[in-house]
>>> print(open('coords_24.txt').read())   # compact mmCIF, N, CA and C atoms
# COMPACT_ATOMS: atom_id res chain seq x y z
N MET A 123 -66.30 0.08 163.25
CA MET A 123 -67.03 -0.66 162.28
C MET A 123 -66.13 -1.05 161.13
N PHE A 124 -65.55 -0.10 160.45
CA PHE A 124 -64.72 -0.42 159.31
C PHE A 124 -63.25 -0.36 159.65
N ARG A 125 -62.93 -0.36 160.92
CA ARG A 125 -61.53 -0.30 161.29
C ARG A 125 -60.76 -1.41 160.61
N PRO A 126 -61.21 -2.67 160.64
CA PRO A 126 -60.45 -3.71 159.99
C PRO A 126 -60.33 -3.49 158.50
N LEU A 127 -61.38 -3.12 157.85
CA LEU A 127 -61.33 -2.91 156.42
C LEU A 127 -60.37 -1.80 156.08
N ALA A 128 -60.34 -0.73 156.77
CA ALA A 128 -59.44 0.35 156.50
C ALA A 128 -58.04 0.05 156.89
N ILE A 129 -57.82 -0.48 157.97
CA ILE A 129 -56.49 -0.75 158.44
C ILE A 129 -55.83 -1.63 157.48
N LEU A 130 -56.32 -2.42 157.29
CA LEU A 130 -55.95 -3.09 156.17
C LEU A 130 -56.13 -2.32 155.17
N LEU A 131 -57.71 -2.99 155.50
CA LEU A 131 -57.97 -2.33 154.33
C LEU A 131 -57.74 -1.02 154.97
N THR A 132 -56.71 -1.31 156.40
CA THR A 132 -55.93 -0.56 156.66
C THR A 132 -54.89 -1.18 157.34
N ALA A 133 -54.48 -1.99 157.50
CA ALA A 133 -53.38 -2.60 158.11
C ALA A 133 -53.72 -3.10 159.44
N SER A 134 -54.76 -3.51 159.57
CA SER A 134 -55.32 -3.79 160.80
C SER A 134 -55.07 -2.56 161.35
N LEU A 135 -54.98 -3.18 158.71
CA LEU A 135 -55.35 -2.88 157.57
C LEU A 135 -55.79 -2.52 158.07
N PRO A 136 -56.48 -2.34 158.88
CA PRO A 136 -56.64 -2.31 158.93
C PRO A 136 -57.18 -1.95 158.49
N VAL A 137 -56.96 -2.80 157.20
CA VAL A 137 -57.95 -2.65 157.31
C VAL A 137 -58.60 -1.75 157.48
N LEU A 138 -58.55 -1.10 158.48
CA LEU A 138 -59.03 -0.97 158.70
C LEU A 138 -59.54 0.52 159.53
N ALA A 139 -61.10 2.21 160.39
CA ALA A 139 -60.55 3.56 160.44
C ALA A 139 -61.61 4.55 160.12
N GLN A 140 -61.26 5.70 160.36
CA GLN A 140 -62.19 6.80 160.29
C GLN A 140 -61.65 7.80 159.29
N PRO A 141 -62.50 8.52 158.57
CA PRO A 141 -61.99 9.50 157.63
C PRO A 141 -61.05 10.48 158.32
N ALA A 142 -60.02 10.89 157.60
CA ALA A 142 -59.02 11.78 158.18
C ALA A 142 -59.61 13.09 158.69
N ASP A 143 -60.70 13.55 158.08
CA ASP A 143 -61.28 14.82 158.49
C ASP A 143 -62.37 14.65 159.55
N ALA A 144 -62.57 13.42 160.02
CA ALA A 144 -63.60 13.18 161.03
C ALA A 144 -63.15 13.72 162.39
N PRO A 145 -64.10 14.16 163.18
CA PRO A 145 -63.73 14.65 164.51
C PRO A 145 -63.22 13.51 165.37
N ARG A 146 -62.38 13.85 166.32
CA ARG A 146 -61.85 12.83 167.23
C ARG A 146 -62.96 12.35 168.14
N GLY A 147 -62.81 11.14 168.63
CA GLY A 147 -63.81 10.54 169.49
C GLY A 147 -64.28 9.23 168.89
N ARG A 148 -65.46 8.83 169.21
CA ARG A 148 -66.00 7.58 168.69
C ARG A 148 -66.22 7.64 167.19
N PRO A 149 -65.85 6.57 166.45
CA PRO A 149 -66.07 6.58 165.01
C PRO A 149 -67.56 6.56 164.68
N ASP A 150 -67.89 7.17 163.57
CA ASP A 150 -69.26 7.19 163.09
C ASP A 150 -69.39 6.11 162.02
N PRO A 151 -69.99 4.96 162.35
CA PRO A 151 -70.05 3.84 161.40
C PRO A 151 -70.69 4.21 160.06
N THR A 152 -71.75 5.01 160.08
CA THR A 152 -72.42 5.37 158.84
C THR A 152 -71.49 6.20 157.96
N ARG A 153 -70.82 7.14 158.56
CA ARG A 153 -69.89 7.99 157.80
C ARG A 153 -68.75 7.16 157.21
N MET A 154 -68.22 6.24 158.00
CA MET A 154 -67.13 5.39 157.51
C MET A 154 -67.62 4.50 156.37
N PHE A 155 -68.80 3.89 156.54
CA PHE A 155 -69.32 3.02 155.49
C PHE A 155 -69.49 3.82 154.20
N ASN A 156 -70.02 5.02 154.33
CA ASN A 156 -70.23 5.86 153.14
C ASN A 156 -68.91 6.23 152.47
N GLU A 157 -67.85 6.37 153.24
CA GLU A 157 -66.54 6.66 152.63
C GLU A 157 -66.12 5.52 151.72
N PHE A 158 -66.37 4.29 152.14
CA PHE A 158 -65.97 3.13 151.34
C PHE A 158 -66.95 2.82 150.23
N ASP A 159 -68.22 3.07 150.45
CA ASP A 159 -69.27 2.73 149.48
C ASP A 159 -69.37 3.82 148.41
N ALA A 160 -68.46 3.78 147.46
CA ALA A 160 -68.34 4.85 146.46
C ALA A 160 -69.60 5.03 145.62
N ASN A 161 -70.26 3.94 145.25
CA ASN A 161 -71.43 4.07 144.39
C ASN A 161 -72.74 4.11 145.17
N ARG A 162 -72.65 4.15 146.49
CA ARG A 162 -73.80 4.31 147.38
C ARG A 162 -74.90 3.25 147.17
N ASP A 163 -74.45 2.00 146.94
CA ASP A 163 -75.43 0.93 146.76
C ASP A 163 -75.64 0.11 148.04
N GLY A 164 -75.04 0.53 149.15
CA GLY A 164 -75.22 -0.18 150.41
C GLY A 164 -74.31 -1.38 150.57
N ARG A 165 -73.34 -1.53 149.66
CA ARG A 165 -72.37 -2.64 149.70
C ARG A 165 -71.00 -2.08 149.38
N VAL A 166 -69.98 -2.59 150.06
CA VAL A 166 -68.61 -2.21 149.74
C VAL A 166 -67.94 -3.41 149.08
N THR A 167 -67.58 -3.23 147.83
CA THR A 167 -66.88 -4.29 147.10
C THR A 167 -65.39 -4.16 147.35
N TRP A 168 -64.65 -5.20 146.96
CA TRP A 168 -63.20 -5.15 147.11
C TRP A 168 -62.63 -3.93 146.38
N ASP A 169 -63.07 -3.68 145.17
CA ASP A 169 -62.53 -2.55 144.40
C ASP A 169 -62.77 -1.23 145.12
N GLU A 170 -63.94 -1.06 145.70
CA GLU A 170 -64.22 0.17 146.45
C GLU A 170 -63.31 0.29 147.67
N GLY A 171 -63.18 -0.80 148.41
CA GLY A 171 -62.32 -0.78 149.59
C GLY A 171 -60.86 -0.55 149.25
N TRP A 172 -60.39 -1.21 148.20
CA TRP A 172 -58.99 -1.06 147.80
C TRP A 172 -58.70 0.37 147.33
N ALA A 173 -59.67 0.99 146.68
CA ALA A 173 -59.49 2.37 146.24
C ALA A 173 -59.27 3.29 147.44
N VAL A 174 -60.01 3.09 148.52
CA VAL A 174 -59.83 3.91 149.72
C VAL A 174 -58.46 3.65 150.34
N VAL A 175 -58.04 2.39 150.37
CA VAL A 175 -56.72 2.07 150.92
C VAL A 175 -55.63 2.78 150.11
N GLN A 176 -55.75 2.77 148.80
CA GLN A 176 -54.75 3.42 147.96
C GLN A 176 -54.69 4.92 148.21
N VAL A 177 -55.85 5.54 148.38
CA VAL A 177 -55.88 6.98 148.66
C VAL A 177 -55.22 7.26 150.00
N ARG A 178 -55.56 6.46 151.01
CA ARG A 178 -54.97 6.66 152.34
C ARG A 178 -53.47 6.39 152.32
N PHE A 179 -53.06 5.39 151.54
CA PHE A 179 -51.64 5.08 151.42
C PHE A 179 -50.90 6.29 150.84
N ALA A 180 -51.44 6.84 149.76
CA ALA A 180 -50.80 7.99 149.13
C ALA A 180 -50.73 9.18 150.08
N ALA A 181 -51.79 9.39 150.86
CA ALA A 181 -51.79 10.49 151.82
C ALA A 181 -50.78 10.26 152.94
N ALA A 182 -50.58 9.02 153.35
CA ALA A 182 -49.64 8.70 154.43
C ALA A 182 -48.19 8.73 153.96
N ASP A 183 -47.95 8.53 152.66
CA ASP A 183 -46.60 8.49 152.10
C ASP A 183 -46.04 9.91 151.98
N ALA A 184 -45.59 10.44 153.09
CA ALA A 184 -45.18 11.85 153.17
C ALA A 184 -44.07 12.21 152.19
N ASN A 185 -43.10 11.32 151.99
CA ASN A 185 -41.99 11.64 151.09
C ASN A 185 -42.21 11.15 149.66
N ARG A 186 -43.39 10.59 149.40
CA ARG A 186 -43.80 10.16 148.06
C ARG A 186 -42.82 9.19 147.40
N ASP A 187 -42.28 8.27 148.21
CA ASP A 187 -41.35 7.29 147.63
C ASP A 187 -42.02 5.95 147.32
N GLY A 188 -43.33 5.87 147.52
CA GLY A 188 -44.05 4.63 147.20
C GLY A 188 -43.97 3.58 148.28
N ALA A 189 -43.45 3.93 149.43
CA ALA A 189 -43.34 3.00 150.55
C ALA A 189 -43.54 3.76 151.86
N LEU A 190 -44.08 3.06 152.84
CA LEU A 190 -44.33 3.69 154.12
C LEU A 190 -43.33 3.23 155.17
N THR A 191 -42.79 4.18 155.91
CA THR A 191 -41.97 3.86 157.07
C THR A 191 -42.92 3.55 158.22
N THR A 192 -42.39 3.16 159.36
CA THR A 192 -43.27 2.89 160.51
C THR A 192 -44.06 4.13 160.88
N GLU A 193 -43.42 5.28 160.86
CA GLU A 193 -44.12 6.51 161.20
C GLU A 193 -45.23 6.81 160.20
N GLU A 194 -44.93 6.68 158.93
CA GLU A 194 -45.94 6.94 157.90
C GLU A 194 -47.07 5.90 157.98
N PHE A 195 -46.71 4.66 158.27
CA PHE A 195 -47.67 3.57 158.35
C PHE A 195 -48.76 3.87 159.37
N THR A 196 -48.39 4.50 160.47
CA THR A 196 -49.39 4.81 161.51
C THR A 196 -50.42 5.80 161.01
N GLN A 197 -50.13 6.54 159.95
CA GLN A 197 -51.07 7.52 159.41
C GLN A 197 -52.17 6.87 158.56
N LEU A 198 -52.04 5.58 158.25
CA LEU A 198 -53.10 4.89 157.52
C LEU A 198 -54.38 4.84 158.34
N ARG A 199 -54.21 4.78 159.64
CA ARG A 199 -55.35 4.69 160.54
C ARG A 199 -55.44 5.96 161.34
N PRO A 200 -56.34 6.85 160.95
CA PRO A 200 -56.46 8.11 161.69
C PRO A 200 -56.74 7.86 163.16
N ARG A 201 -56.13 8.65 164.01
CA ARG A 201 -56.27 8.48 165.46
C ARG A 201 -57.45 9.27 165.97
N ARG A 202 -58.10 8.69 166.94
CA ARG A 202 -59.22 9.39 167.58
C ARG A 202 -58.72 10.14 168.80
N GLU A 203 -58.14 9.46 169.73
CA GLU A 203 -57.64 10.08 170.95
C GLU A 203 -56.26 9.52 171.22
N ALA A 204 -55.42 10.33 171.78
CA ALA A 204 -54.09 9.87 172.14
C ALA A 204 -54.17 9.15 173.48
N PRO A 205 -53.93 7.84 173.49
CA PRO A 205 -53.98 7.11 174.76
C PRO A 205 -52.76 7.44 175.62
N ALA A 206 -52.84 7.08 176.86
CA ALA A 206 -51.74 7.35 177.77
C ALA A 206 -51.36 6.08 178.52
N GLY A 207 -50.16 6.10 179.07
CA GLY A 207 -49.71 5.04 179.95
C GLY A 207 -49.57 3.69 179.29
N GLU A 208 -49.99 2.67 180.03
CA GLU A 208 -49.85 1.29 179.58
C GLU A 208 -50.64 1.03 178.30
N ARG A 209 -51.79 1.65 178.17
CA ARG A 209 -52.59 1.48 176.94
C ARG A 209 -51.82 2.01 175.73
N ALA A 210 -51.15 3.14 175.88
CA ALA A 210 -50.37 3.70 174.78
C ALA A 210 -49.25 2.75 174.39
N GLU A 211 -48.61 2.15 175.37
CA GLU A 211 -47.53 1.20 175.09
C GLU A 211 -48.05 -0.03 174.36
N ARG A 212 -49.20 -0.56 174.80
CA ARG A 212 -49.80 -1.72 174.13
C ARG A 212 -50.16 -1.38 172.69
N MET A 213 -50.74 -0.21 172.48
CA MET A 213 -51.12 0.18 171.13
C MET A 213 -49.89 0.36 170.25
N GLN A 214 -48.82 0.89 170.80
CA GLN A 214 -47.59 1.07 170.05
C GLN A 214 -47.00 -0.28 169.64
N ARG A 215 -47.00 -1.23 170.57
CA ARG A 215 -46.51 -2.58 170.24
C ARG A 215 -47.37 -3.23 169.17
N PHE A 216 -48.68 -3.05 169.28
CA PHE A 216 -49.59 -3.62 168.29
C PHE A 216 -49.34 -3.00 166.92
N ALA A 217 -49.17 -1.68 166.87
CA ALA A 217 -48.90 -0.99 165.61
C ALA A 217 -47.59 -1.48 165.00
N GLN A 218 -46.57 -1.67 165.82
CA GLN A 218 -45.29 -2.16 165.32
C GLN A 218 -45.44 -3.58 164.78
N GLY A 219 -46.26 -4.39 165.45
CA GLY A 219 -46.51 -5.75 164.97
C GLY A 219 -47.22 -5.76 163.64
N ARG A 220 -48.20 -4.87 163.46
CA ARG A 220 -48.89 -4.76 162.17
C ARG A 220 -47.91 -4.37 161.08
N PHE A 221 -47.03 -3.44 161.40
CA PHE A 221 -46.05 -3.01 160.41
C PHE A 221 -45.14 -4.18 160.01
N ARG A 222 -44.63 -4.90 161.01
CA ARG A 222 -43.76 -6.04 160.70
C ARG A 222 -44.49 -7.10 159.89
N ALA A 223 -45.76 -7.32 160.21
CA ALA A 223 -46.55 -8.30 159.46
C ALA A 223 -46.72 -7.89 158.00
N ALA A 224 -46.87 -6.60 157.76
CA ALA A 224 -47.06 -6.11 156.40
C ALA A 224 -45.75 -6.04 155.62
N ASP A 225 -44.64 -5.84 156.31
CA ASP A 225 -43.33 -5.67 155.66
C ASP A 225 -42.78 -7.03 155.25
N ALA A 226 -43.31 -7.58 154.16
CA ALA A 226 -43.00 -8.94 153.74
C ALA A 226 -41.51 -9.17 153.45
N ASN A 227 -40.82 -8.20 152.86
CA ASN A 227 -39.41 -8.41 152.54
C ASN A 227 -38.47 -7.88 153.63
N ARG A 228 -39.03 -7.41 154.72
CA ARG A 228 -38.28 -6.96 155.90
C ARG A 228 -37.25 -5.88 155.59
N ASP A 229 -37.64 -4.95 154.73
CA ASP A 229 -36.71 -3.86 154.41
C ASP A 229 -37.00 -2.59 155.21
N GLY A 230 -37.94 -2.67 156.15
CA GLY A 230 -38.26 -1.51 156.97
C GLY A 230 -39.24 -0.55 156.31
N LYS A 231 -39.87 -0.99 155.21
CA LYS A 231 -40.85 -0.18 154.50
C LYS A 231 -41.99 -1.08 154.06
N VAL A 232 -43.16 -0.49 153.90
CA VAL A 232 -44.32 -1.23 153.42
C VAL A 232 -44.83 -0.57 152.15
N THR A 233 -44.90 -1.36 151.08
CA THR A 233 -45.42 -0.87 149.81
C THR A 233 -46.88 -1.30 149.66
N LEU A 234 -47.55 -0.76 148.66
CA LEU A 234 -48.92 -1.20 148.39
C LEU A 234 -48.97 -2.68 148.06
N ASP A 235 -47.98 -3.17 147.33
CA ASP A 235 -47.94 -4.60 147.01
C ASP A 235 -47.86 -5.45 148.27
N GLU A 236 -47.12 -4.97 149.27
CA GLU A 236 -47.01 -5.71 150.53
C GLU A 236 -48.29 -5.58 151.36
N LEU A 237 -48.95 -4.46 151.25
CA LEU A 237 -50.16 -4.21 152.02
C LEU A 237 -51.37 -4.97 151.48
N ARG A 238 -51.37 -5.21 150.19
CA ARG A 238 -52.54 -5.81 149.54
C ARG A 238 -52.96 -7.17 150.13
N PRO A 239 -52.07 -8.11 150.39
CA PRO A 239 -52.54 -9.39 150.95
C PRO A 239 -53.26 -9.22 152.30
N MET A 240 -52.76 -8.32 153.13
CA MET A 240 -53.43 -8.08 154.40
C MET A 240 -54.82 -7.49 154.16
N ALA A 241 -54.89 -6.56 153.25
CA ALA A 241 -56.17 -5.91 152.96
C ALA A 241 -57.16 -6.93 152.41
N GLU A 242 -56.70 -7.78 151.51
CA GLU A 242 -57.59 -8.79 150.94
C GLU A 242 -58.06 -9.76 152.01
N GLY A 243 -57.16 -10.15 152.90
CA GLY A 243 -57.53 -11.06 153.99
C GLY A 243 -58.57 -10.45 154.91
N MET A 244 -58.39 -9.19 155.25
CA MET A 244 -59.35 -8.52 156.11
C MET A 244 -60.70 -8.39 155.40
N PHE A 245 -60.66 -8.09 154.12
CA PHE A 245 -61.91 -7.95 153.37
C PHE A 245 -62.66 -9.28 153.37
N ARG A 246 -61.94 -10.37 153.07
CA ARG A 246 -62.59 -11.70 153.05
C ARG A 246 -63.14 -12.06 154.43
N MET A 247 -62.42 -11.68 155.47
CA MET A 247 -62.86 -11.97 156.83
C MET A 247 -64.17 -11.23 157.12
N MET A 248 -64.27 -10.00 156.67
CA MET A 248 -65.47 -9.21 156.94
C MET A 248 -66.64 -9.63 156.06
N ASP A 249 -66.37 -10.20 154.90
CA ASP A 249 -67.42 -10.64 153.99
C ASP A 249 -67.98 -11.98 154.49
N ALA A 250 -68.78 -11.91 155.53
CA ALA A 250 -69.25 -13.10 156.24
C ALA A 250 -70.02 -14.08 155.36
N ASN A 251 -70.77 -13.58 154.39
CA ASN A 251 -71.55 -14.50 153.56
C ASN A 251 -70.87 -14.85 152.24
N GLY A 252 -69.65 -14.35 152.01
CA GLY A 252 -68.88 -14.74 150.84
C GLY A 252 -69.42 -14.23 149.51
N ASP A 253 -70.19 -13.14 149.52
CA ASP A 253 -70.75 -12.64 148.27
C ASP A 253 -69.88 -11.56 147.61
N ASN A 254 -68.64 -11.42 148.07
CA ASN A 254 -67.68 -10.46 147.53
C ASN A 254 -68.08 -9.00 147.75
N ALA A 255 -68.84 -8.76 148.80
CA ALA A 255 -69.20 -7.40 149.19
C ALA A 255 -69.46 -7.40 150.70
N VAL A 256 -69.14 -6.28 151.32
CA VAL A 256 -69.40 -6.13 152.75
C VAL A 256 -70.57 -5.18 152.91
N THR A 257 -71.54 -5.60 153.69
CA THR A 257 -72.71 -4.77 153.99
C THR A 257 -72.64 -4.35 155.46
N PRO A 258 -73.41 -3.35 155.84
CA PRO A 258 -73.34 -2.87 157.23
C PRO A 258 -73.56 -3.96 158.27
N ASP A 259 -74.41 -4.94 157.98
CA ASP A 259 -74.67 -5.99 158.97
C ASP A 259 -73.52 -6.98 159.11
N GLU A 260 -72.55 -6.97 158.19
CA GLU A 260 -71.40 -7.87 158.28
C GLU A 260 -70.22 -7.26 159.03
N VAL A 261 -70.30 -5.99 159.30
CA VAL A 261 -69.18 -5.30 159.93
C VAL A 261 -69.26 -5.44 161.44
N PRO A 262 -68.17 -5.97 162.06
CA PRO A 262 -68.19 -6.12 163.52
C PRO A 262 -68.25 -4.76 164.21
N ARG A 263 -68.98 -4.70 165.28
CA ARG A 263 -69.09 -3.47 166.07
C ARG A 263 -68.77 -3.78 167.51
N ARG A 264 -68.23 -2.81 168.19
CA ARG A 264 -67.96 -2.97 169.61
C ARG A 264 -69.26 -3.26 170.34
N GLY A 265 -69.19 -4.22 171.24
CA GLY A 265 -70.34 -4.51 172.06
C GLY A 265 -71.42 -5.31 171.34
N ARG A 266 -71.16 -5.71 170.10
CA ARG A 266 -72.15 -6.49 169.36
C ARG A 266 -71.42 -7.63 168.70
N GLN A 267 -71.96 -8.81 168.81
CA GLN A 267 -71.35 -9.97 168.18
C GLN A 267 -71.72 -9.98 166.70
N ARG A 268 -70.78 -10.41 165.89
CA ARG A 268 -71.00 -10.53 164.46
C ARG A 268 -71.97 -11.69 164.21
N PRO A 269 -72.87 -11.56 163.25
CA PRO A 269 -73.80 -12.65 162.98
C PRO A 269 -73.06 -13.88 162.48
N PRO A 270 -73.53 -15.07 162.82
CA PRO A 270 -72.86 -16.28 162.35
C PRO A 270 -72.92 -16.39 160.84
N GLY A 271 -71.93 -17.15 160.29
CA GLY A 271 -71.94 -17.33 158.85
C GLY A 271 -70.63 -17.00 158.32
>>> encode(input="coords_24.txt", output="structure tokens")
Amino acid sequence: MFRPLAILLTASLPVLAQPADAPRGRPDPTRMFNEFDANRDGRVTWDEGWAVVQVRFAAADANRDGALTTEEFTQLRPRREAPAGERAERMQRFAQGRFRAADANRDGKVTLDELRPMAEGMFRMMDANGDNAVTPDEVPRRGRQRPPG
């Protein structure tokens, strides 16, 4: 549900992701939405989403240098299950592509400043009605098409 917002808004952001303390397996959309919805008004604003990204960034920055390496970058998006075989290779390539996309100055590190445009883009993409907030009905879900608009 909020994978894009966290990953980016976790790096594809994802945007976008599940709380680090969540059990492995299928993400719990309600729990994830509540993590982002700080004031519990049923809407996630950009400020709320960006605050979660910053917290996750700080947690992933193991050496506290203000930038994420490829290894640290993968920690922005908590893993549910370790894939195997060809799927693991595809996911690894995708993760490396997200990192390269975020590393605007190509120095092999991603800072919050570099991550922010991706996060903002993912947020705008999820905000289907353009009201500067994401509600549960705007979040894409597996097996369900996003409403038009």
>>> atom_distance(input="coords_24.txt", atom1="CA of Trp172 (chain A)", atom2="atom C of Arg212 (chain A)")
26.4 Å
>>> residues_around(input="coords_24.txt", residues="Ala226 (chain A)", least_positions_apart="4", cutoff="9 Å", atoms="only C-alpha atoms", output="list in words")
Arg222, Val232, Glu236 and Leu237 of chain A
>>> residues_around(input="coords_24.txt", residues="Pro239 (chain A)", least_positions_apart="4", cutoff="9 Å", atoms="only C-alpha atoms", output="list in words")
Leu130, Ala224, Asp235, Gly243 and Met244 of chain A
>>> atom_distance(input="coords_24.txt", atom1="CA of Phe155 (chain A)", atom2="CA of Val175 (chain A)")
13.4 Å
>>> atom_distance(input="coords_24.txt", atom1="CA of Asp229 (chain A)", atom2="atom C of Val174 (chain A)")
23.4 Å
>>> select_by_dssp(input="coords_24.txt", residues="region 165-261 of chain A", states="alpha helix (DSSP H)", output="PyMOL selection string")
chain A and resi 168-182+192-195+207-224+234-248
>>> residues_around(input="coords_24.txt", residues="region 249-260 of chain A", least_positions_apart="2", cutoff="7 Å", atoms="only C-alpha atoms", output="PDB file with N, CA and C atoms, in the coordinates of the input")
ATOM      1  N   GLY A 164     -75.040   0.530 149.150  1.00  0.00           N
ATOM      2  CA  GLY A 164     -75.220  -0.180 150.410  1.00  0.00           C
ATOM      3  C   GLY A 164     -74.310  -1.380 150.570  1.00  0.00           C
ATOM      4  N   ARG A 165     -73.340  -1.530 149.660  1.00  0.00           N
ATOM      5  CA  ARG A 165     -72.370  -2.640 149.700  1.00  0.00           C
ATOM      6  C   ARG A 165     -71.000  -2.080 149.380  1.00  0.00           C
ATOM      7  N   VAL A 166     -69.980  -2.590 150.060  1.00  0.00           N
ATOM      8  CA  VAL A 166     -68.610  -2.210 149.740  1.00  0.00           C
ATOM      9  C   VAL A 166     -67.940  -3.410 149.080  1.00  0.00           C
ATOM     10  N   THR A 167     -67.580  -3.230 147.830  1.00  0.00           N
ATOM     11  CA  THR A 167     -66.880  -4.290 147.100  1.00  0.00           C
ATOM     12  C   THR A 167     -65.390  -4.160 147.350  1.00  0.00           C
ATOM     13  N   TRP A 168     -64.650  -5.200 146.960  1.00  0.00           N
ATOM     14  CA  TRP A 168     -63.200  -5.150 147.110  1.00  0.00           C
ATOM     15  C   TRP A 168     -62.630  -3.930 146.380  1.00  0.00           C
ATOM     16  N   PHE A 245     -60.660  -8.090 154.120  1.00  0.00           N
ATOM     17  CA  PHE A 245     -61.910  -7.950 153.370  1.00  0.00           C
ATOM     18  C   PHE A 245     -62.660  -9.280 153.370  1.00  0.00           C
ATOM     19  N   ARG A 246     -61.940 -10.370 153.070  1.00  0.00           N
ATOM     20  CA  ARG A 246     -62.590 -11.700 153.050  1.00  0.00           C
ATOM     21  C   ARG A 246     -63.140 -12.060 154.430  1.00  0.00           C
ATOM     22  N   MET A 247     -62.420 -11.680 155.470  1.00  0.00           N
ATOM     23  CA  MET A 247     -62.860 -11.970 156.830  1.00  0.00           C
ATOM     24  C   MET A 247     -64.170 -11.230 157.120  1.00  0.00           C
ATOM     25  N   PRO A 262     -68.170  -5.970 162.060  1.00  0.00           N
ATOM     26  CA  PRO A 262     -68.190  -6.120 163.520  1.00  0.00           C
ATOM     27  C   PRO A 262     -68.250  -4.760 164.210  1.00  0.00           C
ATOM     28  N   ARG A 268     -70.780 -10.410 165.890  1.00  0.00           N
ATOM     29  CA  ARG A 268     -71.000 -10.530 164.460  1.00  0.00           C
ATOM     30  C   ARG A 268     -71.970 -11.690 164.210  1.00  0.00           C
ATOM     31  N   GLY A 271     -71.930 -17.150 160.290  1.00  0.00           N
ATOM     32  CA  GLY A 271     -71.940 -17.330 158.850  1.00  0.00           C
ATOM     33  C   GLY A 271     -70.630 -17.000 158.320  1.00  0.00           C
TER      34      GLY A 271
END
>>> closest_residue(input="coords_24.txt", among="A:Ala160, A:Ala181, A:Ala173, A:Ala206", to="Glu194 (chain A)", atoms="all atoms listed in the file")
A:Ala181
>>> residues_around(input="coords_24.txt", residues="region 184-192 of chain A", least_positions_apart="5", cutoff="7 Å", atoms="all atoms listed in the file", output="list of chain:residue names")
A:Gln197, A:Phe221, A:Gly230, A:Lys231, A:Val232, A:Thr233, A:Leu234
>>> select_by_dssp(input="coords_24.txt", residues="region 144-201 of chain A", states="strand (DSSP E or B)", output="JSON, numbers by chain")
{"A": [166, 167, 189, 190]}
